[in-house]
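Structure, as structure tokens:
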Amino acid sequence: MTRYFCKLCDYEYLPEQGDPHFNIKPGTSFEDLPDEWECPLCGIKKSFFEKED
């Protein structure tokens with residue numbers, strides 16, 4: 001699975017872990033996150049994440 005990083009704080013969204021803070025189940029790809037999902041560390045919007053190269 002592709003990983004994505006927050007441009008502001010470098011948080012890494014790991015699909016295999018999901019995001020328990022927002023009740024996102026493990027195995028959820030970044031593309032399948034709700035549009036209103038935010039970085040759990042800094043609160044920046046999903047659109048400000050970058051795909052891992």
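Every chain in the structure tokens has a letter given in the order shown (A, B, ...), and although residue numbers restart at 1 in each chain, ligands are simply numbered from 1 in the order shown.
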Open item on the list: Quick check for you: according to DSSP on this backbone, which residues of chain A are classed as strand (DSSP E or B)? Reply as a VMD selection string.
Closed with: chain A and resid 4 to 6 12 to 13 19 24 38 45 49 to 51
Open item on the list: Among chain A, which residues does DSSP mark as helix (DSSP H, G or I) when it is run on the backbone? Keep the chain and numbering as in the structure and answer as a PyMOL selection string.
Closed with: chain A and resi 20-22+30-32+46-48
Can you pull out every residue within 10 Å of region 39-48 of chain A, counting only C-alpha atoms, but drop anything in the same chain fewer than 4 positions away, and send it as a compact mmCIF listing (two decimals) with all heavy atoms, in the first residue's frame?
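What landed in selection-v1.txt:
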```txt
# COMPACT_ATOMS: atom_id res chain seq x y z
N TYR A 4 1.43 8.01 2.65
CA TYR A 4 1.32 9.45 2.45
C TYR A 4 1.85 10.18 3.68
O TYR A 4 1.70 9.70 4.80
CB TYR A 4 -0.13 9.84 2.21
CG TYR A 4 -0.63 9.46 0.85
CD1 TYR A 4 -1.02 8.17 0.55
CD2 TYR A 4 -0.71 10.41 -0.16
CE1 TYR A 4 -1.48 7.81 -0.70
CE2 TYR A 4 -1.17 10.07 -1.42
CZ TYR A 4 -1.55 8.78 -1.69
OH TYR A 4 -2.00 8.43 -2.93
N PHE A 5 2.47 11.35 3.44
CA PHE A 5 3.07 12.15 4.50
C PHE A 5 2.42 13.53 4.56
O PHE A 5 2.15 14.14 3.53
CB PHE A 5 4.57 12.34 4.24
CG PHE A 5 5.35 11.07 4.29
CD1 PHE A 5 5.48 10.26 3.18
CD2 PHE A 5 5.95 10.68 5.48
CE1 PHE A 5 6.21 9.08 3.23
CE2 PHE A 5 6.68 9.50 5.53
CZ PHE A 5 6.80 8.70 4.41
N CYS A 6 2.25 14.04 5.76
CA CYS A 6 1.75 15.40 5.98
C CYS A 6 2.87 16.38 5.63
O CYS A 6 3.99 16.25 6.11
CB CYS A 6 1.33 15.57 7.44
SG CYS A 6 0.81 17.24 7.85
N LYS A 7 2.57 17.37 4.79
CA LYS A 7 3.57 18.36 4.41
C LYS A 7 3.96 19.28 5.57
O LYS A 7 5.05 19.84 5.58
CB LYS A 7 3.03 19.24 3.28
CG LYS A 7 2.86 18.56 1.96
CD LYS A 7 2.44 19.61 0.95
CE LYS A 7 1.80 19.01 -0.27
NZ LYS A 7 1.36 20.06 -1.19
N LEU A 8 3.08 19.41 6.54
CA LEU A 8 3.34 20.33 7.64
C LEU A 8 4.16 19.71 8.77
O LEU A 8 5.15 20.27 9.21
CB LEU A 8 2.01 20.87 8.19
CG LEU A 8 2.09 21.96 9.22
CD1 LEU A 8 2.75 23.21 8.65
CD2 LEU A 8 0.68 22.31 9.70
N CYS A 9 3.77 18.51 9.23
CA CYS A 9 4.43 17.93 10.41
C CYS A 9 5.13 16.59 10.13
O CYS A 9 5.68 15.99 11.04
CB CYS A 9 3.42 17.76 11.54
SG CYS A 9 2.22 16.43 11.28
N ASP A 10 5.08 16.10 8.90
CA ASP A 10 5.72 14.85 8.49
C ASP A 10 5.06 13.59 9.06
O ASP A 10 5.64 12.51 9.03
CB ASP A 10 7.21 14.83 8.83
CG ASP A 10 8.01 15.79 7.96
OD1 ASP A 10 7.62 15.98 6.79
OD2 ASP A 10 9.01 16.34 8.45
N TYR A 11 3.83 13.72 9.60
CA TYR A 11 3.09 12.52 10.02
C TYR A 11 2.94 11.60 8.81
O TYR A 11 2.68 12.05 7.69
CB TYR A 11 1.70 12.92 10.55
CG TYR A 11 0.76 11.76 10.74
CD1 TYR A 11 0.84 10.95 11.87
CD2 TYR A 11 -0.22 11.46 9.80
CE1 TYR A 11 -0.02 9.88 12.05
CE2 TYR A 11 -1.10 10.40 9.97
CZ TYR A 11 -0.98 9.61 11.10
OH TYR A 11 -1.85 8.56 11.27
N GLU A 12 3.12 10.32 9.03
CA GLU A 12 2.98 9.34 7.97
C GLU A 12 1.71 8.53 8.19
O GLU A 12 1.55 7.89 9.23
CB GLU A 12 4.20 8.41 7.96
CG GLU A 12 4.13 7.34 6.91
CD GLU A 12 5.32 6.40 6.94
OE1 GLU A 12 6.11 6.45 7.91
OE2 GLU A 12 5.44 5.60 6.02
N TYR A 13 0.80 8.58 7.21
CA TYR A 13 -0.40 7.74 7.30
C TYR A 13 -0.01 6.34 6.83
O TYR A 13 0.46 6.16 5.70
CB TYR A 13 -1.54 8.27 6.44
CG TYR A 13 -2.72 7.32 6.46
CD1 TYR A 13 -3.50 7.21 7.60
CD2 TYR A 13 -3.01 6.50 5.38
CE1 TYR A 13 -4.55 6.30 7.66
CE2 TYR A 13 -4.06 5.60 5.43
CZ TYR A 13 -4.83 5.51 6.58
OH TYR A 13 -5.86 4.61 6.64
N ASP A 19 -6.21 4.74 11.38
CA ASP A 19 -6.11 5.90 12.28
C ASP A 19 -7.14 5.76 13.39
O ASP A 19 -8.29 6.16 13.22
CB ASP A 19 -6.31 7.19 11.50
CG ASP A 19 -6.19 8.43 12.36
OD1 ASP A 19 -5.91 8.31 13.57
OD2 ASP A 19 -6.39 9.53 11.84
N PRO A 20 -6.74 5.19 14.52
CA PRO A 20 -7.69 4.98 15.62
C PRO A 20 -8.28 6.28 16.16
O PRO A 20 -9.40 6.29 16.66
CB PRO A 20 -6.86 4.28 16.70
CG PRO A 20 -5.47 4.22 16.22
CD PRO A 20 -5.41 4.69 14.82
N HIS A 21 -7.56 7.40 16.00
CA HIS A 21 -8.06 8.70 16.47
C HIS A 21 -9.37 9.07 15.77
O HIS A 21 -10.26 9.68 16.36
CB HIS A 21 -6.99 9.77 16.23
CG HIS A 21 -7.34 11.11 16.76
ND1 HIS A 21 -7.82 12.10 15.97
CD2 HIS A 21 -7.30 11.60 18.02
CE1 HIS A 21 -8.05 13.18 16.71
NE2 HIS A 21 -7.74 12.89 17.97
N PHE A 22 -9.51 8.70 14.50
CA PHE A 22 -10.71 9.00 13.71
C PHE A 22 -11.50 7.74 13.37
O PHE A 22 -12.32 7.74 12.45
CB PHE A 22 -10.34 9.74 12.42
CG PHE A 22 -9.94 11.16 12.64
CD1 PHE A 22 -8.60 11.52 12.66
CD2 PHE A 22 -10.88 12.15 12.84
CE1 PHE A 22 -8.21 12.83 12.87
CE2 PHE A 22 -10.50 13.46 13.05
CZ PHE A 22 -9.17 13.81 13.07
N PHE A 30 -5.27 5.44 1.72
CA PHE A 30 -5.38 6.89 1.85
C PHE A 30 -6.51 7.42 0.96
O PHE A 30 -7.27 8.30 1.36
CB PHE A 30 -4.05 7.56 1.48
CG PHE A 30 -4.05 9.04 1.72
CD1 PHE A 30 -3.80 9.55 2.98
CD2 PHE A 30 -4.29 9.92 0.69
CE1 PHE A 30 -3.81 10.91 3.21
CE2 PHE A 30 -4.30 11.28 0.91
CZ PHE A 30 -4.06 11.78 2.17
N GLU A 31 -6.63 6.88 -0.23
CA GLU A 31 -7.66 7.31 -1.17
C GLU A 31 -9.07 7.08 -0.62
O GLU A 31 -10.00 7.79 -0.98
CB GLU A 31 -7.49 6.59 -2.51
CG GLU A 31 -6.23 6.97 -3.26
CD GLU A 31 -4.99 6.20 -2.81
OE1 GLU A 31 -5.09 5.30 -1.93
OE2 GLU A 31 -3.91 6.49 -3.34
N LEU A 33 -9.92 7.34 2.58
CA LEU A 33 -10.22 8.15 3.76
C LEU A 33 -11.28 9.18 3.40
O LEU A 33 -11.31 9.69 2.27
CB LEU A 33 -8.96 8.89 4.23
CG LEU A 33 -7.84 8.05 4.81
CD1 LEU A 33 -6.61 8.91 5.05
CD2 LEU A 33 -8.28 7.38 6.09
N PRO A 34 -12.17 9.52 4.33
CA PRO A 34 -13.17 10.55 4.05
C PRO A 34 -12.50 11.89 3.74
O PRO A 34 -11.40 12.18 4.24
CB PRO A 34 -13.98 10.65 5.34
CG PRO A 34 -13.47 9.62 6.27
CD PRO A 34 -12.25 8.99 5.68
N ASP A 35 -13.13 12.70 2.91
CA ASP A 35 -12.56 14.00 2.53
C ASP A 35 -12.35 14.90 3.74
O ASP A 35 -11.45 15.73 3.73
CB ASP A 35 -13.45 14.70 1.51
CG ASP A 35 -13.43 14.02 0.16
OD1 ASP A 35 -12.44 13.31 -0.14
OD2 ASP A 35 -14.40 14.18 -0.59
```
Task: Among listed residues A:Asp32, A:Trp37, A:Gly27, A:Phe49, nearest Pro15 (chain A) (using only C-alpha atoms) - done: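 Counting only C-alpha atoms, the residue closest to Pro15 (chain A) is A:Gly27.
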